[in-house]
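Have a look at entry_35.cif below; it lists mmCIF, C-alpha atoms and all ligand atoms.
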```
data_data
loop_
_atom_site.label_atom_id
_atom_site.label_comp_id
_atom_site.auth_asym_id
_atom_site.auth_seq_id
_atom_site.Cartn_x
_atom_site.Cartn_y
_atom_site.Cartn_z
CA MET A 1 -101.24 -49.78 0.69
CA SER A 2 -100.05 -51.66 -2.40
CA GLN A 3 -96.97 -49.50 -2.68
CA LEU A 4 -96.01 -49.81 0.99
CA ALA A 5 -96.62 -53.57 1.09
CA THR A 6 -94.77 -54.13 -2.19
CA GLU A 7 -91.74 -52.17 -1.04
CA VAL A 8 -91.60 -53.92 2.36
CA LEU A 9 -91.75 -57.30 0.61
CA GLU A 10 -89.10 -56.26 -1.90
CA ALA A 11 -86.81 -55.23 0.97
CA ILE A 12 -87.21 -58.73 2.45
CA HIS A 13 -86.61 -60.41 -0.93
CA GLU A 14 -83.47 -58.36 -1.32
CA VAL A 15 -82.05 -59.60 2.01
CA ILE A 16 -82.87 -63.21 1.07
CA ARG A 17 -81.03 -62.87 -2.25
CA LYS A 18 -78.10 -60.97 -0.80
CA HIS A 19 -77.48 -63.53 1.98
CA HIS A 20 -78.71 -66.65 0.23
CA VAL A 21 -81.17 -67.44 3.04
CA THR A 22 -81.67 -71.22 3.34
CA TYR A 23 -84.87 -73.19 3.93
CA ALA A 24 -83.69 -73.89 7.49
CA GLU A 25 -83.40 -70.14 8.08
CA TYR A 26 -86.75 -69.46 6.43
CA ASP A 27 -88.44 -72.08 8.62
CA ALA A 28 -86.80 -70.61 11.73
CA LEU A 29 -88.10 -67.16 10.75
CA LYS A 30 -91.61 -68.50 10.31
CA LYS A 31 -91.52 -70.18 13.70
CA TRP A 32 -90.13 -67.10 15.34
CA LEU A 33 -92.76 -64.76 13.86
CA ILE A 34 -95.51 -67.07 15.11
CA GLN A 35 -93.81 -67.08 18.53
CA VAL A 36 -93.80 -63.26 18.68
CA GLY A 37 -97.60 -63.39 18.42
CA GLU A 38 -98.03 -66.26 20.86
CA ASP A 39 -95.90 -64.41 23.41
CA GLY A 40 -97.93 -61.22 22.92
CA GLU A 41 -94.75 -59.40 21.94
CA TRP A 42 -95.78 -57.60 18.73
CA PRO A 43 -96.17 -54.25 20.56
CA LEU A 44 -92.77 -54.76 22.19
CA PHE A 45 -91.07 -55.79 18.95
CA LEU A 46 -92.49 -52.90 16.94
CA ASP A 47 -91.88 -50.23 19.56
CA VAL A 48 -88.31 -51.35 20.24
CA TRP A 49 -87.10 -51.79 16.66
CA VAL A 50 -89.43 -49.81 14.40
CA GLU A 51 -91.20 -46.96 16.20
CA HIS A 52 -88.18 -44.65 16.43
CA VAL A 53 -88.17 -44.11 12.68
CA VAL A 54 -91.93 -43.42 12.60
CA GLU A 55 -91.41 -40.87 15.38
CA ASP A 56 -88.53 -39.28 13.54
CA VAL A 57 -90.42 -38.92 10.25
CA ASN A 58 -93.55 -37.53 11.90
CA THR A 59 -91.98 -34.90 14.16
CA ALA A 60 -89.21 -33.58 11.88
CA HIS A 61 -91.20 -30.37 11.19
CA ARG A 62 -91.40 -29.35 14.84
CA LYS A 63 -89.80 -26.20 16.23
CA GLY A 64 -90.58 -27.02 19.88
CA ASN A 65 -89.18 -29.79 22.03
CA LYS A 66 -87.82 -32.99 20.62
CA GLY A 67 -89.86 -36.05 21.50
CA THR A 68 -89.23 -39.74 21.21
CA ILE A 69 -91.13 -43.04 21.05
CA GLU A 70 -94.17 -43.86 23.20
CA GLY A 71 -93.14 -47.48 23.78
CA PRO A 72 -95.44 -50.36 24.71
CA TYR A 73 -96.49 -49.40 28.25
CA TYR A 74 -98.60 -46.25 27.92
CA VAL A 75 -102.09 -46.42 29.44
CA PRO A 76 -104.49 -43.53 28.69
CA ASP A 77 -106.77 -41.87 31.26
CA SER A 78 -104.49 -42.05 34.27
CA PRO A 79 -105.79 -40.28 37.43
CA VAL A 80 -105.84 -36.49 37.09
CA GLN A 81 -104.31 -34.24 39.71
CA GLN A 82 -103.70 -30.50 39.91
CA SER A 83 -100.00 -29.62 40.12
CA PRO A 84 -98.14 -29.57 42.48
CA ALA A 85 -98.83 -33.21 43.27
CA LYS A 86 -97.34 -36.54 44.22
CA ILE A 87 -97.76 -39.31 41.67
CA ASP A 88 -99.65 -42.43 42.84
CA GLN A 89 -97.19 -44.66 44.64
CA ARG A 90 -97.04 -47.26 47.39
CA ASP A 91 -96.48 -46.10 50.98
CA ASP A 92 -93.16 -47.95 50.92
CA GLU A 93 -92.27 -47.14 47.30
CA LYS A 94 -88.58 -47.95 46.78
CA GLY A 95 -86.19 -45.55 45.09
CA GLU A 96 -84.65 -42.13 45.51
CA PRO A 97 -87.27 -39.35 45.62
CA LEU A 98 -87.39 -37.18 42.50
CA GLN A 99 -89.10 -33.83 42.14
CA PHE A 100 -89.79 -33.34 38.45
CA GLN A 101 -90.80 -29.81 37.55
CA GLY A 102 -90.86 -27.18 34.84
CA GLN A 103 -93.03 -25.06 32.59
CA VAL A 104 -95.08 -25.69 29.46
CA ARG A 105 -94.93 -23.00 26.75
CA SER A 106 -95.81 -22.54 23.10
CA VAL A 107 -93.13 -22.01 20.46
CA ASP A 108 -93.77 -18.22 20.63
CA GLY A 109 -92.94 -18.24 24.35
CA SER A 110 -96.50 -17.85 25.62
CA VAL A 111 -97.42 -19.82 28.72
CA LEU A 112 -99.80 -22.77 28.20
CA LYS A 113 -101.87 -22.67 31.37
CA ASP A 114 -104.29 -25.38 30.17
CA ALA A 115 -101.52 -27.89 29.50
CA LYS A 116 -101.44 -31.37 30.96
CA VAL A 117 -98.40 -33.52 31.66
CA GLU A 118 -98.98 -37.27 31.67
CA LEU A 119 -96.16 -39.15 33.37
CA TRP A 120 -95.55 -42.88 33.55
CA HIS A 121 -92.43 -44.84 34.40
CA ALA A 122 -90.98 -48.04 35.82
CA ASP A 123 -90.43 -48.44 39.54
CA ALA A 124 -87.04 -48.88 41.22
CA ASP A 125 -87.09 -52.58 40.23
CA GLY A 126 -87.83 -51.79 36.57
CA TYR A 127 -91.53 -52.79 36.60
CA TYR A 128 -94.47 -50.90 35.04
CA SER A 129 -97.91 -51.01 36.69
CA GLN A 130 -100.52 -52.87 34.61
CA TYR A 131 -97.70 -54.81 32.86
CA ALA A 132 -96.25 -56.57 35.90
CA PRO A 133 -98.16 -58.49 38.55
CA GLY A 134 -98.71 -57.21 42.07
CA LEU A 135 -98.52 -53.47 41.48
CA PRO A 136 -101.40 -51.09 42.26
CA GLU A 137 -103.27 -50.23 39.04
CA TRP A 138 -102.01 -46.67 38.58
CA ASN A 139 -98.68 -46.97 40.39
CA LEU A 140 -96.26 -44.33 39.05
CA ARG A 141 -98.80 -43.14 36.48
CA GLY A 142 -100.68 -39.85 36.51
CA THR A 143 -102.00 -36.85 34.58
CA PHE A 144 -101.02 -33.46 36.00
CA GLU A 145 -102.71 -30.16 35.20
CA VAL A 146 -100.28 -27.24 35.20
CA ASP A 147 -100.85 -24.11 37.29
CA ASP A 148 -101.74 -20.62 35.99
CA GLU A 149 -98.12 -20.03 35.01
CA GLY A 150 -97.96 -23.25 33.04
CA ARG A 151 -95.85 -24.90 35.71
CA TYR A 152 -95.91 -28.51 36.76
CA GLN A 153 -94.29 -30.06 39.83
CA ILE A 154 -94.55 -33.80 40.36
CA GLY A 155 -93.19 -35.84 43.24
CA THR A 156 -92.04 -39.29 42.15
CA VAL A 157 -89.07 -41.67 42.51
CA LEU A 158 -86.13 -42.35 40.21
CA PRO A 159 -86.83 -45.19 37.77
CA ALA A 160 -84.34 -48.04 37.32
CA PRO A 161 -82.60 -48.98 34.08
CA TYR A 162 -84.87 -51.34 32.22
CA GLN A 163 -84.20 -54.65 30.56
CA ILE A 164 -86.83 -55.60 27.99
CA PRO A 165 -88.33 -59.05 28.67
CA THR A 166 -85.81 -61.75 27.74
CA ASP A 167 -88.06 -64.77 28.27
CA GLY A 168 -90.00 -64.48 24.99
CA ALA A 169 -89.45 -64.20 21.26
CA CYS A 170 -87.81 -60.75 21.45
CA GLY A 171 -85.36 -62.15 24.00
CA LYS A 172 -84.60 -65.02 21.63
CA LEU A 173 -83.73 -62.57 18.86
CA ILE A 174 -81.50 -60.57 21.24
CA ALA A 175 -79.67 -63.73 22.37
CA ALA A 176 -79.30 -65.14 18.86
CA ALA A 177 -77.98 -61.82 17.53
CA ASP A 178 -75.74 -61.31 20.57
CA TRP A 179 -77.31 -57.92 21.37
CA HIS A 180 -78.20 -56.69 24.86
CA ALA A 181 -81.70 -56.02 26.20
CA TRP A 182 -81.13 -52.74 28.06
CA ARG A 183 -82.83 -49.40 27.91
CA PRO A 184 -81.45 -46.56 30.02
CA ALA A 185 -83.56 -45.44 33.01
CA HIS A 186 -86.29 -43.14 31.72
CA LEU A 187 -89.42 -41.17 32.48
CA HIS A 188 -92.20 -41.27 29.87
CA VAL A 189 -94.29 -38.14 29.25
CA LYS A 190 -97.08 -36.92 27.05
CA VAL A 191 -97.56 -33.18 27.14
CA SER A 192 -100.74 -31.73 25.64
CA ALA A 193 -102.42 -28.34 25.38
CA PRO A 194 -105.36 -27.00 23.37
CA ASP A 195 -104.46 -26.21 19.72
CA HIS A 196 -100.99 -27.73 20.10
CA GLU A 197 -99.42 -30.92 18.84
CA LEU A 198 -99.17 -33.66 21.43
CA LEU A 199 -95.57 -34.14 22.55
CA THR A 200 -94.61 -37.71 23.42
CA ALA A 201 -91.16 -37.98 24.95
CA GLN A 202 -88.89 -39.84 27.31
CA LEU A 203 -86.36 -38.24 29.62
CA TYR A 204 -83.09 -39.83 30.61
CA PHE A 205 -80.46 -39.42 33.34
CA PRO A 206 -76.85 -38.38 32.77
CA GLY A 207 -74.23 -41.08 33.16
CA ASP A 208 -76.52 -44.02 32.45
CA PRO A 209 -74.37 -46.64 30.67
CA HIS A 210 -77.15 -47.28 28.17
CA ASN A 211 -77.76 -43.70 27.02
CA ASP A 212 -75.40 -44.49 24.13
CA ASP A 213 -76.67 -47.94 23.21
CA ASP A 214 -80.40 -48.02 23.97
CA ILE A 215 -81.91 -51.18 22.48
CA ALA A 216 -84.89 -49.03 21.37
CA SER A 217 -82.74 -46.26 19.74
CA ALA A 218 -84.85 -43.65 21.55
CA VAL A 219 -82.28 -41.43 23.28
CA LYS A 220 -81.53 -37.92 21.99
CA PRO A 221 -79.13 -35.47 23.67
CA GLU A 222 -81.98 -32.96 24.24
CA LEU A 223 -83.80 -35.57 26.33
CA VAL A 224 -81.09 -36.04 28.96
CA LEU A 225 -82.04 -34.33 32.23
CA ASP A 226 -79.77 -32.41 34.59
CA PRO A 227 -80.90 -33.47 38.08
CA LYS A 228 -79.61 -31.66 41.16
CA ASP A 229 -79.53 -32.72 44.80
CA ALA A 230 -82.70 -31.54 46.59
CA SER A 231 -82.01 -28.60 48.93
CA ASP A 232 -83.59 -30.50 51.85
CA GLY A 233 -81.15 -33.36 51.25
CA ALA A 234 -83.72 -35.96 50.19
CA GLY A 235 -83.34 -37.13 46.62
CA LYS A 236 -83.11 -35.12 43.42
CA VAL A 237 -84.84 -32.17 41.80
CA VAL A 238 -84.94 -31.67 38.07
CA ASP A 239 -86.25 -28.78 35.97
CA TYR A 240 -87.34 -29.48 32.42
CA ASP A 241 -89.48 -27.17 30.26
CA PHE A 242 -91.70 -28.33 27.42
CA VAL A 243 -92.22 -26.19 24.30
CA LEU A 244 -95.13 -27.32 22.14
CA ASP A 245 -95.78 -26.62 18.47
CA PRO A 246 -99.13 -25.01 17.62
CA VAL A 247 -101.22 -27.11 15.23
CA ALA A 248 -100.85 -25.87 11.68
CA GLY A 249 -103.65 -23.87 10.05
C1 LIG B 1 -89.96 -49.81 27.69
O1 LIG B 1 -90.13 -49.36 28.94
C2 LIG B 1 -89.91 -48.91 26.71
O2 LIG B 1 -90.05 -47.63 27.05
C3 LIG B 1 -89.73 -49.30 25.38
C4 LIG B 1 -89.64 -48.30 24.33
C5 LIG B 1 -89.59 -50.63 25.09
C6 LIG B 1 -89.64 -51.56 26.08
C7 LIG B 1 -89.84 -51.15 27.36
FE FE B 2 -90.39 -47.40 29.14
#
```
For this file, produce the structure as structure tokens.
Amino acid sequence: MSQLATEVLEAIHEVIRKHHVTYAEYDALKKWLIQVGEDGEWPLFLDVWVEHVVEDVNTAHRKGNKGTIEGPYYVPDSPVQQSPAKIDQRDDEKGEPLQFQGQVRSVDGSVLKDAKVELWHADADGYYSQYAPGLPEWNLRGTFEVDDEGRYQIGTVLPAPYQIPTDGACGKLIAAADWHAWRPAHLHVKVSAPDHELLTAQLYFPGDPHNDDDIASAVKPELVLDPKDASDGAGKVVDYDFVLDPVAG
């Protein structure tokens, strides 16, 4: 703890020296840090600007699929369904239908028939259930058990590109720094299976203008999907397989 805390503080001291930070700037920083807490934006701040490096460091050893950050809007214990299934959604859920499907395997190619795919994502207006008012509790959230061949098939809708909240302290930083607040449209997943490392990932859509400049630095080329038009003409279908690493030892 002493070493980590010392080195974080030294990194801050270094920036102050290098840029001759004034008392006015120091006072503004203090005020802003307090504001992050008052706005309840510490999870948002950390997951947008810090988590991607933690993810990188902790998954570098993996031979299976690349993952990416969890982000601030995961809720555990979403309703469980057996695949194939339709994710919880409103009767009049907006957005183009998306059939999201694939197989879960181990690094050695064996099928993981006890795997689970947790899926959560924003709706067509960019809102997450439980983090925006007026949405049913588990809207566009679910846990899906794969079939005997390790396959999952989930009916959902395409998420919208997402702008992180701009009305709080994080928005103030973005405006002051002249950054933008956008994340590309994405699906969040956690894929688990007995004796395998949990895979946390996000999947993106080709052509999204923010795939190359995600505010959360969480896009990797391996995470961009290849959706096709559904054969029945309604919406898109996308195949994406997950390969999990067995736990060491
Ligand atoms: C999100 O939906 C998200 O996934 C991240 C990482 C940050 C803010 C909002
Ligand atoms: Fe998200």
Pairwise distance, CA of Phe144 in chain A with CA of His196 in chain A, equals 16.9 Å
Out of A:Pro133, A:Gly142, A:Pro221, A:Gly126, which residue has the shortest atom-to-atom distance to Ala185 in chain A when counting all atoms listed in the file?
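For Ala185 in chain A, the nearest of the candidates is A:Gly126.
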Report as CSV: every residue of chain A with an atom at most 7 Å from ligand FE 2 (chain B), its closest pair of atoms, and their distance in Å to one decimal, counting all atoms listed in the file, with rows sorted by chain and ascending residue number.
```
residue,atom,partner,partner_atom,distance
A:Gly71,CA,B:FE2,FE,6.0
A:Tyr73,CA,B:FE2,FE,6.5
A:His121,CA,B:FE2,FE,6.2
A:Ala122,CA,B:FE2,FE,6.7
A:His186,CA,B:FE2,FE,6.5
A:His188,CA,B:FE2,FE,6.4
```
What is the distance between CA of Leu140 in chain A and CA of Ala181 in chain A, in Å to one decimal?
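Spanning CA of Leu140 in chain A to CA of Ala181 in chain A is a straight-line distance of 22.7 Å.
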So how far away is atom C5 of ligand LIG 1 (chain B) from CA of Pro84 in chain A, in Å?
28.6 Å
Where atoms are missing, can you supply all heavy atoms for range 184-195 of chain A and output the lot as an mmCIF file, keeping the file's coordinate frame?
```
data_model
loop_
_atom_site.group_PDB
_atom_site.id
_atom_site.type_symbol
_atom_site.label_atom_id
_atom_site.label_comp_id
_atom_site.auth_asym_id
_atom_site.auth_seq_id
_atom_site.Cartn_x
_atom_site.Cartn_y
_atom_site.Cartn_z
ATOM 1 N N PRO A 184 -81.839 -47.370 28.873
ATOM 2 C CA PRO A 184 -81.450 -46.560 30.020
ATOM 3 C C PRO A 184 -82.675 -46.229 30.874
ATOM 4 O O PRO A 184 -83.804 -46.271 30.376
ATOM 5 C CB PRO A 184 -80.887 -45.291 29.376
ATOM 6 C CG PRO A 184 -81.516 -45.225 28.023
ATOM 7 C CD PRO A 184 -81.735 -46.653 27.602
ATOM 8 N N ALA A 185 -82.452 -45.890 32.147
ATOM 9 C CA ALA A 185 -83.560 -45.440 33.010
ATOM 10 C C ALA A 185 -84.243 -44.258 32.338
ATOM 11 O O ALA A 185 -83.575 -43.402 31.744
ATOM 12 C CB ALA A 185 -83.011 -45.029 34.369
ATOM 13 N N HIS A 186 -85.576 -44.227 32.412
ATOM 14 C CA HIS A 186 -86.290 -43.140 31.720
ATOM 15 C C HIS A 186 -87.634 -42.856 32.348
ATOM 16 O O HIS A 186 -88.254 -43.724 32.947
ATOM 17 C CB HIS A 186 -86.480 -43.499 30.240
ATOM 18 C CG HIS A 186 -87.174 -44.811 30.012
ATOM 19 N ND1 HIS A 186 -86.531 -46.019 30.108
ATOM 20 C CD2 HIS A 186 -88.464 -45.104 29.726
ATOM 21 C CE1 HIS A 186 -87.389 -46.999 29.879
ATOM 22 N NE2 HIS A 186 -88.585 -46.472 29.645
ATOM 23 N N LEU A 187 -88.060 -41.602 32.162
ATOM 24 C CA LEU A 187 -89.420 -41.170 32.480
ATOM 25 C C LEU A 187 -90.143 -41.024 31.145
ATOM 26 O O LEU A 187 -89.583 -40.476 30.199
ATOM 27 C CB LEU A 187 -89.420 -39.799 33.166
ATOM 28 C CG LEU A 187 -88.613 -39.656 34.450
ATOM 29 C CD1 LEU A 187 -88.571 -38.179 34.869
ATOM 30 C CD2 LEU A 187 -89.218 -40.505 35.563
ATOM 31 N N HIS A 188 -91.391 -41.504 31.074
ATOM 32 C CA HIS A 188 -92.200 -41.270 29.870
ATOM 33 C C HIS A 188 -93.151 -40.103 30.134
ATOM 34 O O HIS A 188 -93.760 -40.032 31.214
ATOM 35 C CB HIS A 188 -93.092 -42.480 29.577
ATOM 36 C CG HIS A 188 -92.381 -43.684 29.085
ATOM 37 N ND1 HIS A 188 -92.178 -43.936 27.744
ATOM 38 C CD2 HIS A 188 -91.859 -44.748 29.744
ATOM 39 C CE1 HIS A 188 -91.571 -45.110 27.609
ATOM 40 N NE2 HIS A 188 -91.356 -45.631 28.803
ATOM 41 N N VAL A 189 -93.310 -39.239 29.141
ATOM 42 C CA VAL A 189 -94.290 -38.140 29.250
ATOM 43 C C VAL A 189 -95.074 -37.973 27.971
ATOM 44 O O VAL A 189 -94.580 -38.280 26.875
ATOM 45 C CB VAL A 189 -93.608 -36.776 29.572
ATOM 46 C CG1 VAL A 189 -93.050 -36.752 30.974
ATOM 47 C CG2 VAL A 189 -92.553 -36.428 28.546
ATOM 48 N N LYS A 190 -96.298 -37.494 28.151
ATOM 49 C CA LYS A 190 -97.080 -36.920 27.050
ATOM 50 C C LYS A 190 -97.523 -35.557 27.536
ATOM 51 O O LYS A 190 -98.120 -35.445 28.604
ATOM 52 C CB LYS A 190 -98.308 -37.787 26.714
ATOM 53 C CG LYS A 190 -97.965 -39.021 25.895
ATOM 54 C CD LYS A 190 -99.216 -39.771 25.493
ATOM 55 C CE LYS A 190 -98.870 -41.037 24.743
ATOM 56 N NZ LYS A 190 -98.548 -40.806 23.313
ATOM 57 N N VAL A 191 -97.207 -34.544 26.758
ATOM 58 C CA VAL A 191 -97.560 -33.180 27.140
ATOM 59 C C VAL A 191 -98.533 -32.644 26.098
ATOM 60 O O VAL A 191 -98.241 -32.675 24.890
ATOM 61 C CB VAL A 191 -96.308 -32.285 27.238
ATOM 62 C CG1 VAL A 191 -96.686 -30.899 27.741
ATOM 63 C CG2 VAL A 191 -95.266 -32.929 28.142
ATOM 64 N N SER A 192 -99.704 -32.188 26.566
ATOM 65 C CA SER A 192 -100.740 -31.730 25.640
ATOM 66 C C SER A 192 -101.251 -30.372 26.068
ATOM 67 O O SER A 192 -101.170 -29.996 27.244
ATOM 68 C CB SER A 192 -101.898 -32.738 25.627
ATOM 69 O OG SER A 192 -102.413 -32.897 26.930
ATOM 70 N N ALA A 193 -101.766 -29.625 25.105
ATOM 71 C CA ALA A 193 -102.420 -28.340 25.380
ATOM 72 C C ALA A 193 -103.340 -28.052 24.213
ATOM 73 O O ALA A 193 -103.069 -28.509 23.090
ATOM 74 C CB ALA A 193 -101.374 -27.221 25.532
ATOM 75 N N PRO A 194 -104.432 -27.306 24.452
ATOM 76 C CA PRO A 194 -105.360 -27.000 23.370
ATOM 77 C C PRO A 194 -104.631 -26.364 22.180
ATOM 78 O O PRO A 194 -103.741 -25.528 22.375
ATOM 79 C CB PRO A 194 -106.345 -26.000 24.004
ATOM 80 C CG PRO A 194 -106.276 -26.287 25.475
ATOM 81 C CD PRO A 194 -104.861 -26.734 25.743
ATOM 82 N N ASP A 195 -105.003 -26.764 20.975
ATOM 83 C CA ASP A 195 -104.460 -26.210 19.720
ATOM 84 C C ASP A 195 -102.960 -26.419 19.552
ATOM 85 O O ASP A 195 -102.304 -25.688 18.810
ATOM 86 C CB ASP A 195 -104.774 -24.701 19.617
ATOM 87 C CG ASP A 195 -106.272 -24.431 19.760
ATOM 88 O OD1 ASP A 195 -107.060 -25.172 19.144
ATOM 89 O OD2 ASP A 195 -106.637 -23.505 20.517
#
```
